[in-house]
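Asker: The structure file input07.tsv (TSV, N, CA and C atoms) is provided below.
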```tsv
chain	number	residue	atom	x	y	z
M	1	MET	N	141.56	95.04	101.56
M	1	MET	CA	140.84	95.39	102.77
M	1	MET	C	141.85	95.47	103.91
M	2	SER	N	141.75	96.48	104.73
M	2	SER	CA	142.72	96.66	105.79
M	2	SER	C	142.28	96.05	107.11
M	3	LEU	N	141.00	95.78	107.28
M	3	LEU	CA	140.50	95.20	108.53
M	3	LEU	C	139.80	93.88	108.25
M	4	ASP	N	139.91	92.95	109.17
M	4	ASP	CA	139.18	91.69	109.11
M	4	ASP	C	137.87	91.90	109.84
M	5	VAL	N	136.85	92.30	109.11
M	5	VAL	CA	135.56	92.68	109.68
M	5	VAL	C	134.67	91.44	109.80
M	6	SER	N	134.18	91.19	110.99
M	6	SER	CA	133.28	90.05	111.20
M	6	SER	C	131.93	90.33	110.53
M	7	PRO	N	131.21	89.27	110.19
M	7	PRO	CA	129.87	89.47	109.61
M	7	PRO	C	128.96	90.27	110.56
M	8	ALA	N	129.07	90.04	111.85
M	8	ALA	CA	128.22	90.76	112.81
M	8	ALA	C	128.52	92.25	112.80
M	9	LEU	N	129.80	92.61	112.75
M	9	LEU	CA	130.17	94.02	112.73
M	9	LEU	C	129.74	94.67	111.41
M	10	LEU	N	129.87	93.94	110.33
M	10	LEU	CA	129.42	94.44	109.04
M	10	LEU	C	127.91	94.67	109.04
M	11	GLU	N	127.17	93.74	109.66
M	11	GLU	CA	125.72	93.92	109.77
M	11	GLU	C	125.38	95.18	110.57
M	12	GLN	N	126.12	95.43	111.65
M	12	GLN	CA	125.90	96.65	112.41
M	12	GLN	C	126.07	97.87	111.52
M	13	ALA	N	127.14	97.89	110.75
M	13	ALA	CA	127.41	99.03	109.87
M	13	ALA	C	126.31	99.19	108.83
M	14	GLU	N	125.83	98.08	108.31
M	14	GLU	CA	124.76	98.14	107.31
M	14	GLU	C	123.46	98.69	107.91
M	15	ARG	N	123.23	98.42	109.20
M	15	ARG	CA	122.04	98.93	109.89
M	15	ARG	C	122.22	100.39	110.30
M	16	GLY	N	123.47	100.86	110.29
M	16	GLY	CA	123.73	102.24	110.66
M	16	GLY	C	124.26	102.42	112.06
M	17	GLU	N	124.26	101.38	112.86
M	17	GLU	CA	124.75	101.47	114.23
M	17	GLU	C	126.03	100.64	114.35
M	18	VAL	N	127.08	101.25	114.86
M	18	VAL	CA	128.31	100.50	115.07
M	18	VAL	C	128.77	100.75	116.50
M	19	ASP	N	128.97	99.68	117.22
M	19	ASP	CA	129.50	99.76	118.58
M	19	ASP	C	130.99	100.04	118.49
M	20	GLU	N	131.41	101.18	119.03
M	20	GLU	CA	132.82	101.56	118.89
M	20	GLU	C	133.75	100.57	119.56
M	21	ALA	N	133.34	99.98	120.68
M	21	ALA	CA	134.20	98.99	121.35
M	21	ALA	C	134.44	97.79	120.43
M	22	GLU	N	133.42	97.38	119.70
M	22	GLU	CA	133.59	96.26	118.77
M	22	GLU	C	134.48	96.66	117.59
M	23	PHE	N	134.35	97.90	117.15
M	23	PHE	CA	135.22	98.39	116.08
M	23	PHE	C	136.68	98.41	116.56
M	24	VAL	N	136.91	98.89	117.77
M	24	VAL	CA	138.27	98.93	118.32
M	24	VAL	C	138.82	97.52	118.44
M	25	ASP	N	137.99	96.56	118.84
M	25	ASP	CA	138.45	95.18	118.93
M	25	ASP	C	138.81	94.64	117.54
M	26	CYS	N	138.04	95.04	116.54
M	26	CYS	CA	138.36	94.65	115.16
M	26	CYS	C	139.72	95.21	114.74
M	27	VAL	N	139.99	96.45	115.11
M	27	VAL	CA	141.28	97.06	114.81
M	27	VAL	C	142.39	96.30	115.54
M	28	ARG	N	142.16	95.98	116.81
M	28	ARG	CA	143.15	95.26	117.62
M	28	ARG	C	143.53	93.93	116.97
M	29	THR	N	142.53	93.19	116.52
M	29	THR	CA	142.82	91.87	115.95
M	29	THR	C	143.31	91.95	114.51
M	30	SER	N	142.90	92.96	113.77
M	30	SER	CA	143.30	93.10	112.37
M	30	SER	C	144.68	93.71	112.19
M	31	LEU	N	145.06	94.59	113.09
M	31	LEU	CA	146.33	95.32	112.97
M	31	LEU	C	147.15	95.13	114.25
M	32	PRO	N	147.56	93.89	114.54
M	32	PRO	CA	148.21	93.62	115.83
M	32	PRO	C	149.53	94.38	116.05
M	33	TYR	N	150.31	94.57	115.01
M	33	TYR	CA	151.56	95.32	115.19
M	33	TYR	C	151.28	96.77	115.57
M	34	ALA	N	150.36	97.40	114.86
M	34	ALA	CA	150.01	98.79	115.15
M	34	ALA	C	149.41	98.89	116.55
M	35	TRP	N	148.54	97.96	116.89
M	35	TRP	CA	147.91	97.96	118.22
M	35	TRP	C	148.98	97.86	119.31
M	36	GLU	N	149.89	96.92	119.16
M	36	GLU	CA	150.93	96.73	120.17
M	36	GLU	C	151.82	97.96	120.27
M	37	MET	N	152.16	98.54	119.14
M	37	MET	CA	152.99	99.75	119.14
M	37	MET	C	152.31	100.86	119.93
M	38	ILE	N	151.07	101.13	119.61
M	38	ILE	CA	150.35	102.23	120.27
M	38	ILE	C	150.10	101.92	121.73
M	39	SER	N	149.67	100.70	122.04
M	39	SER	CA	149.38	100.38	123.44
M	39	SER	C	150.64	100.41	124.30
M	40	SER	N	151.78	100.01	123.74
M	40	SER	CA	153.03	100.06	124.52
M	40	SER	C	153.47	101.51	124.73
M	41	LEU	N	153.25	102.37	123.75
M	41	LEU	CA	153.58	103.79	123.93
M	41	LEU	C	152.67	104.44	124.97
M	42	VAL	N	151.40	104.08	124.97
M	42	VAL	CA	150.47	104.60	125.97
M	42	VAL	C	150.91	104.16	127.36
M	43	ALA	N	151.29	102.89	127.50
M	43	ALA	CA	151.76	102.40	128.80
M	43	ALA	C	153.02	103.13	129.23
M	44	ARG	N	153.94	103.33	128.30
M	44	ARG	CA	155.18	104.05	128.63
M	44	ARG	C	154.89	105.48	129.06
M	45	LEU	N	153.96	106.14	128.37
M	45	LEU	CA	153.59	107.51	128.74
M	45	LEU	C	153.02	107.54	130.15
M	46	LYS	N	152.16	106.58	130.47
M	46	LYS	CA	151.54	106.55	131.80
M	46	LYS	C	152.56	106.24	132.89
M	47	ILE	N	153.50	105.37	132.61
M	47	ILE	CA	154.50	104.99	133.61
M	47	ILE	C	155.57	106.06	133.77
M	48	ASP	N	156.11	106.52	132.64
M	48	ASP	CA	157.22	107.48	132.68
M	48	ASP	C	156.76	108.93	132.81
M	49	GLY	N	155.52	109.20	132.41
M	49	GLY	CA	155.06	110.58	132.41
M	49	GLY	C	155.72	111.35	131.27
M	50	GLY	N	155.78	112.63	131.41
M	50	GLY	CA	156.39	113.46	130.37
M	50	GLY	C	155.36	113.99	129.40
M	51	GLU	N	155.87	114.69	128.40
M	51	GLU	CA	155.00	115.33	127.41
M	51	GLU	C	154.51	114.37	126.34
M	52	PHE	N	155.29	113.32	126.03
M	52	PHE	CA	154.88	112.35	125.02
M	52	PHE	C	155.77	111.13	125.10
M	53	ALA	N	155.35	110.07	124.43
M	53	ALA	CA	156.17	108.87	124.25
M	53	ALA	C	156.15	108.56	122.76
M	54	ASP	N	157.31	108.18	122.22
M	54	ASP	CA	157.35	107.88	120.80
M	54	ASP	C	158.22	106.68	120.50
M	55	ASN	N	158.02	106.16	119.30
M	55	ASN	CA	158.79	105.03	118.79
M	55	ASN	C	159.70	105.55	117.69
M	56	GLN	N	160.95	105.13	117.73
M	56	GLN	CA	161.87	105.53	116.67
M	56	GLN	C	162.50	104.33	115.97
M	57	THR	N	161.98	103.14	116.25
M	57	THR	CA	162.49	101.93	115.62
M	57	THR	C	161.62	101.56	114.43
M	58	PRO	N	162.22	101.42	113.26
M	58	PRO	CA	161.42	101.05	112.08
M	58	PRO	C	160.74	99.70	112.28
M	59	PRO	N	159.59	99.50	111.66
M	59	PRO	CA	158.90	98.21	111.73
M	59	PRO	C	159.80	97.10	111.18
M	60	PRO	N	159.58	95.88	111.65
M	60	PRO	CA	160.45	94.78	111.22
M	60	PRO	C	160.26	94.37	109.76
M	61	ASP	N	159.11	94.67	109.17
M	61	ASP	CA	158.86	94.27	107.79
M	61	ASP	C	157.76	95.15	107.18
M	62	GLU	N	157.51	94.92	105.91
M	62	GLU	CA	156.52	95.74	105.19
M	62	GLU	C	155.11	95.52	105.71
M	63	ARG	N	154.81	94.32	106.15
M	63	ARG	CA	153.47	94.04	106.68
M	63	ARG	C	153.20	94.90	107.92
M	64	ALA	N	154.18	94.95	108.81
M	64	ALA	CA	154.04	95.77	110.02
M	64	ALA	C	153.96	97.25	109.66
M	65	ARG	N	154.78	97.68	108.73
M	65	ARG	CA	154.75	99.07	108.27
M	65	ARG	C	153.37	99.41	107.70
M	66	GLY	N	152.82	98.51	106.93
M	66	GLY	CA	151.49	98.72	106.36
M	66	GLY	C	150.42	98.85	107.43
M	67	GLN	N	150.55	98.09	108.51
M	67	GLN	CA	149.59	98.19	109.60
M	67	GLN	C	149.62	99.57	110.24
M	68	LEU	N	150.82	100.09	110.47
M	68	LEU	CA	150.91	101.44	111.03
M	68	LEU	C	150.30	102.47	110.10
M	69	LEU	N	150.60	102.34	108.82
M	69	LEU	CA	150.06	103.29	107.85
M	69	LEU	C	148.54	103.22	107.81
M	70	ARG	N	148.00	102.01	107.81
M	70	ARG	CA	146.53	101.87	107.78
M	70	ARG	C	145.90	102.44	109.03
M	71	ALA	N	146.48	102.16	110.19
M	71	ALA	CA	145.90	102.62	111.45
M	71	ALA	C	145.92	104.14	111.56
M	72	LEU	N	147.00	104.75	111.14
M	72	LEU	CA	147.14	106.18	111.36
M	72	LEU	C	146.67	107.03	110.18
M	73	ALA	N	146.52	106.44	109.02
M	73	ALA	CA	146.03	107.20	107.87
M	73	ALA	C	144.51	107.23	107.81
M	74	SER	N	143.86	106.33	108.50
M	74	SER	CA	142.40	106.28	108.51
M	74	SER	C	141.87	107.17	109.64
M	75	ASP	N	141.09	108.16	109.29
M	75	ASP	CA	140.52	109.03	110.33
M	75	ASP	C	139.67	108.24	111.31
M	76	ALA	N	138.89	107.27	110.81
M	76	ALA	CA	138.01	106.48	111.68
M	76	ALA	C	138.83	105.63	112.65
M	77	ILE	N	139.84	104.94	112.14
M	77	ILE	CA	140.66	104.08	113.01
M	77	ILE	C	141.43	104.93	113.99
M	78	ARG	N	142.09	105.94	113.49
M	78	ARG	CA	142.91	106.81	114.35
M	78	ARG	C	142.05	107.45	115.45
M	79	GLY	N	140.89	107.96	115.08
M	79	GLY	CA	140.01	108.59	116.05
M	79	GLY	C	139.54	107.60	117.10
M	80	ALA	N	139.18	106.39	116.68
M	80	ALA	CA	138.73	105.37	117.62
M	80	ALA	C	139.86	104.99	118.58
M	81	LEU	N	141.08	104.88	118.06
M	81	LEU	CA	142.22	104.56	118.93
M	81	LEU	C	142.49	105.69	119.92
M	82	GLU	N	142.41	106.92	119.46
M	82	GLU	CA	142.62	108.06	120.36
M	82	GLU	C	141.58	108.06	121.48
M	83	ARG	N	140.33	107.82	121.14
M	83	ARG	CA	139.29	107.79	122.17
M	83	ARG	C	139.46	106.60	123.11
M	84	HIS	N	139.81	105.45	122.55
M	84	HIS	CA	139.98	104.25	123.36
M	84	HIS	C	141.11	104.42	124.39
M	85	PHE	N	142.24	104.93	123.94
M	85	PHE	CA	143.40	105.07	124.81
M	85	PHE	C	143.43	106.40	125.56
M	86	GLY	N	142.60	107.35	125.17
M	86	GLY	CA	142.58	108.65	125.83
M	86	GLY	C	143.84	109.47	125.57
M	87	VAL	N	144.32	109.43	124.33
M	87	VAL	CA	145.53	110.15	123.95
M	87	VAL	C	145.31	110.82	122.59
M	88	ARG	N	146.28	111.63	122.21
M	88	ARG	CA	146.35	112.15	120.84
M	88	ARG	C	147.51	111.45	120.16
M	89	LEU	N	147.31	111.04	118.94
M	89	LEU	CA	148.34	110.34	118.18
M	89	LEU	C	148.98	111.29	117.17
M	90	ALA	N	150.26	111.13	116.97
M	90	ALA	CA	150.99	111.89	115.95
M	90	ALA	C	151.85	110.88	115.20
M	91	PHE	N	152.16	111.21	113.94
M	91	PHE	CA	152.82	110.24	113.08
M	91	PHE	C	153.79	110.95	112.15
M	92	GLN	N	155.01	110.44	112.09
M	92	GLN	CA	156.01	110.95	111.15
M	92	GLN	C	156.59	109.77	110.39
M	93	ASN	N	156.91	109.98	109.15
M	93	ASN	CA	157.50	108.95	108.31
M	93	ASN	C	156.68	107.68	108.32
M	94	CYS	N	157.34	106.54	108.29
M	94	CYS	CA	156.63	105.27	108.22
M	94	CYS	C	156.63	104.54	109.54
M	95	HIS	N	157.21	105.13	110.57
M	95	HIS	CA	157.32	104.39	111.82
M	95	HIS	C	157.26	105.24	113.08
M	96	ARG	N	157.53	106.50	112.99
M	96	ARG	CA	157.63	107.30	114.21
M	96	ARG	C	156.23	107.71	114.67
M	97	VAL	N	155.69	106.90	115.55
M	97	VAL	CA	154.40	107.13	116.15
M	97	VAL	C	154.65	107.75	117.52
M	98	ALA	N	153.84	108.73	117.89
M	98	ALA	CA	153.95	109.33	119.22
M	98	ALA	C	152.56	109.43	119.82
M	99	VAL	N	152.51	109.28	121.14
M	99	VAL	CA	151.26	109.49	121.87
M	99	VAL	C	151.46	110.66	122.81
M	100	PHE	N	150.46	111.52	122.83
M	100	PHE	CA	150.47	112.71	123.67
M	100	PHE	C	149.25	112.65	124.57
M	101	PRO	N	149.39	113.06	125.83
M	101	PRO	CA	148.21	113.10	126.69
M	101	PRO	C	147.23	114.16	126.18
M	102	LEU	N	145.99	114.05	126.63
M	102	LEU	CA	144.98	115.03	126.23
M	102	LEU	C	145.17	116.37	126.92
M	103	ASP	N	146.03	116.43	127.88
M	103	ASP	CA	146.30	117.64	128.66
M	103	ASP	C	146.76	118.78	127.75
M	104	PRO	N	146.08	119.92	127.80
M	104	PRO	CA	146.46	121.05	126.93
M	104	PRO	C	147.86	121.60	127.22
M	105	SER	N	148.45	121.23	128.34
M	105	SER	CA	149.79	121.74	128.66
M	105	SER	C	150.85	121.22	127.69
M	106	VAL	N	150.54	120.17	126.92
M	106	VAL	CA	151.52	119.64	125.96
M	106	VAL	C	151.20	120.07	124.52
M	107	ASP	N	150.25	120.98	124.36
M	107	ASP	CA	149.87	121.42	123.01
M	107	ASP	C	151.06	121.99	122.23
M	108	ASP	N	151.92	122.75	122.90
M	108	ASP	CA	153.08	123.32	122.20
M	108	ASP	C	154.02	122.21	121.74
M	109	ARG	N	154.22	121.20	122.57
M	109	ARG	CA	155.11	120.10	122.21
M	109	ARG	C	154.53	119.31	121.04
M	110	LEU	N	153.23	119.09	121.07
M	110	LEU	CA	152.56	118.40	119.96
M	110	LEU	C	152.70	119.22	118.68
M	111	ALA	N	152.51	120.50	118.78
M	111	ALA	CA	152.64	121.38	117.60
M	111	ALA	C	154.06	121.31	117.03
M	112	ARG	N	155.07	121.28	117.89
M	112	ARG	CA	156.46	121.17	117.40
M	112	ARG	C	156.69	119.82	116.72
M	113	PHE	N	156.14	118.75	117.32
M	113	PHE	CA	156.31	117.41	116.77
M	113	PHE	C	155.68	117.31	115.38
M	114	THR	N	154.52	117.91	115.21
M	114	THR	CA	153.79	117.79	113.95
M	114	THR	C	154.07	118.92	112.97
M	115	SER	N	155.01	119.78	113.30
M	115	SER	CA	155.32	120.91	112.43
M	115	SER	C	156.14	120.48	111.21
M	116	ILE	N	156.20	121.36	110.23
M	116	ILE	CA	157.05	121.13	109.06
M	116	ILE	C	158.50	120.96	109.51
M	117	ARG	N	158.93	121.79	110.42
M	117	ARG	CA	160.30	121.70	110.94
M	117	ARG	C	160.54	120.34	111.58
M	118	GLY	N	159.60	119.90	112.41
M	118	GLY	CA	159.71	118.59	113.05
M	118	GLY	C	159.80	117.47	112.03
M	119	GLN	N	159.00	117.57	110.99
M	119	GLN	CA	159.02	116.55	109.94
M	119	GLN	C	160.39	116.53	109.25
M	120	LEU	N	160.91	117.70	108.91
M	120	LEU	CA	162.21	117.76	108.23
M	120	LEU	C	163.34	117.25	109.11
M	121	LEU	N	163.31	117.57	110.39
M	121	LEU	CA	164.36	117.13	111.29
M	121	LEU	C	164.31	115.63	111.56
M	122	ASN	N	163.21	114.99	111.25
M	122	ASN	CA	163.06	113.55	111.46
M	122	ASN	C	163.48	112.75	110.22
M	123	GLN	N	164.01	113.38	109.20
M	123	GLN	CA	164.41	112.70	107.97
M	123	GLN	C	165.81	112.13	108.11
M	124	SER	N	166.04	111.03	107.39
M	124	SER	CA	167.38	110.47	107.31
M	124	SER	C	167.45	109.65	106.02
M	125	PRO	N	168.65	109.45	105.50
M	125	PRO	CA	168.77	108.65	104.27
M	125	PRO	C	168.23	107.22	104.43
M	126	GLU	N	168.32	106.66	105.63
M	126	GLU	CA	167.85	105.29	105.86
M	126	GLU	C	166.33	105.18	105.71
M	127	LEU	N	165.63	106.29	105.86
M	127	LEU	CA	164.17	106.26	105.81
M	127	LEU	C	163.60	106.73	104.48
M	128	ARG	N	164.43	106.91	103.48
M	128	ARG	CA	163.96	107.42	102.20
M	128	ARG	C	162.90	106.54	101.57
M	129	ASP	N	163.02	105.23	101.69
M	129	ASP	CA	162.10	104.33	101.01
M	129	ASP	C	160.98	103.83	101.89
M	130	CYS	N	160.81	104.43	103.05
M	130	CYS	CA	159.76	103.90	103.92
M	130	CYS	C	158.41	104.46	103.56
```
Is it possible to express this structure as structure tokens?
Answerer:
Amino acid sequence: MSLDVSPALLEQAERGEVDEAEFVDCVRTSLPYAWEMISSLVARLKIDGGEFADNQTPPPDERARGQLLRALASDAIRGALERHFGVRLAFQNCHRVAVFPLDPSVDDRLARFTSIRGQLLNQSPELRDC
């Protein structure tokens, strides 16, 4: 299981109604490394401005790497994080997370970041096993 779901949140899901704020809080507490990574990138984007903010430092261990993979590979988690922070998320390899503003003026930059070319240019021998 990738999230530590409280009995109350599970009951909501069983009834068919899930409060997204409670789901986001579950993500925050279950995946603290991923949460901190994304929230710090959002803060950097807001402070520094620009087209995007990204992380290029590999996670400190496999547990942290797994949190990033779980957060960004799940459509539900990723979508909830994007709505919560008001950004678009992009992901390369096992650690390169980027946040883009919702502003359409950065669509070209996002497209370059998520392109096949962008993926290939982000490869290195050190990241082969990530």
Asker: Show which residues sit within 6 Å of Pro58 (chain M), as a ChimeraX atom specification. Count only N, CA and C atoms, and ignore same-chain residues fewer than 2 positions away.
Answerer: /M:56,60,95
Asker: Around all the atoms of region 57-74 of chain M listed in the file, draw an axis-aligned box and extend it by 6 Å on each of the six sides; I want its centre and edge lengths in Å to one decimal, as JSON.
Answerer:
```
{"center_x": 152.2, "center_y": 100.6, "center_z": 110.7, "size_x": 32.6, "size_y": 25.2, "size_z": 23.1}
```
Asker: Between atom N of Ala90 (chain M) and atom N of Thr114 (chain M), what is the distance, to one decimal in Å?
Answerer: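 Atom N of Ala90 (chain M) sits 8.2 Å away from atom N of Thr114 (chain M).
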Asker: Please determine, counting all atoms listed in the file, which residue among M:Ala98, M:Leu89, M:Ala21, M:Ala71 has the shortest atom-to-atom distance to Asn55 (chain M).
Answerer: M:Ala98
Asker: One decimal, in Å: what's the spacing between CA of Glu51 (chain M) and CA of Phe23 (chain M)?
Answerer: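 Computing the Euclidean distance for CA of Glu51 (chain M) and CA of Phe23 (chain M) yields 28.4 Å.
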Asker: What is the CA of Tyr33 (chain M)-CA of Ile47 (chain M) distance in Å, reported with one decimal?
Answerer: 21.0 Å
Asker: Region 7-127 of chain M: which residues are helix (DSSP H, G or I) by DSSP, as a PyMOL selection string?
Answerer: chain M and resi 7-15+20-30+32-48+62-73+75-85+104-113+116-121+125-127
Asker: Using only C-alpha atoms, which residues sit within 8 Å of Val5 (chain M) once same-chain residues fewer than 4 positions away are excluded, as number ranges by chain?
Answerer: M: 9-10, 26
Asker: What's around Leu31 (chain M) at 8 Å? Count only N, CA and C atoms, leave out sequence neighbours fewer than 6 positions away in its own chain, and write the answer as an MDAnalysis selection string.
Answerer: chainID M and resid 2:4 25 37 66:68 71
Asker: Find the spatial neighbours of Leu45 (chain M), counting only C-alpha atoms, within a cut-off of 12 Å - ignore same-chain residues fewer than 2 positions away - and output them as a PyMOL selection string.
Answerer: chain M and resi 38-43+47-55+85-88+98-102
Asker: Go through M:Leu72, M:Gln12, M:Ile77, M:Ala111 and flag the residue nearest Phe91 (chain M), using all atoms listed in the file for the distances.
Answerer: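 Using all atoms listed in the file, Phe91 (chain M) sits closest to M:Leu72.
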Asker: List every residue of chain M that DSSP, applied to the backbone of this structure, assigns to strand (DSSP E), and report them as a list in words.
Answerer: Ala53, Asp54, Val87, Arg88, Leu89, Ala90, Phe91, Gln92, Arg96, Val97, Ala98, Val99, Phe100 and Pro101 of chain M
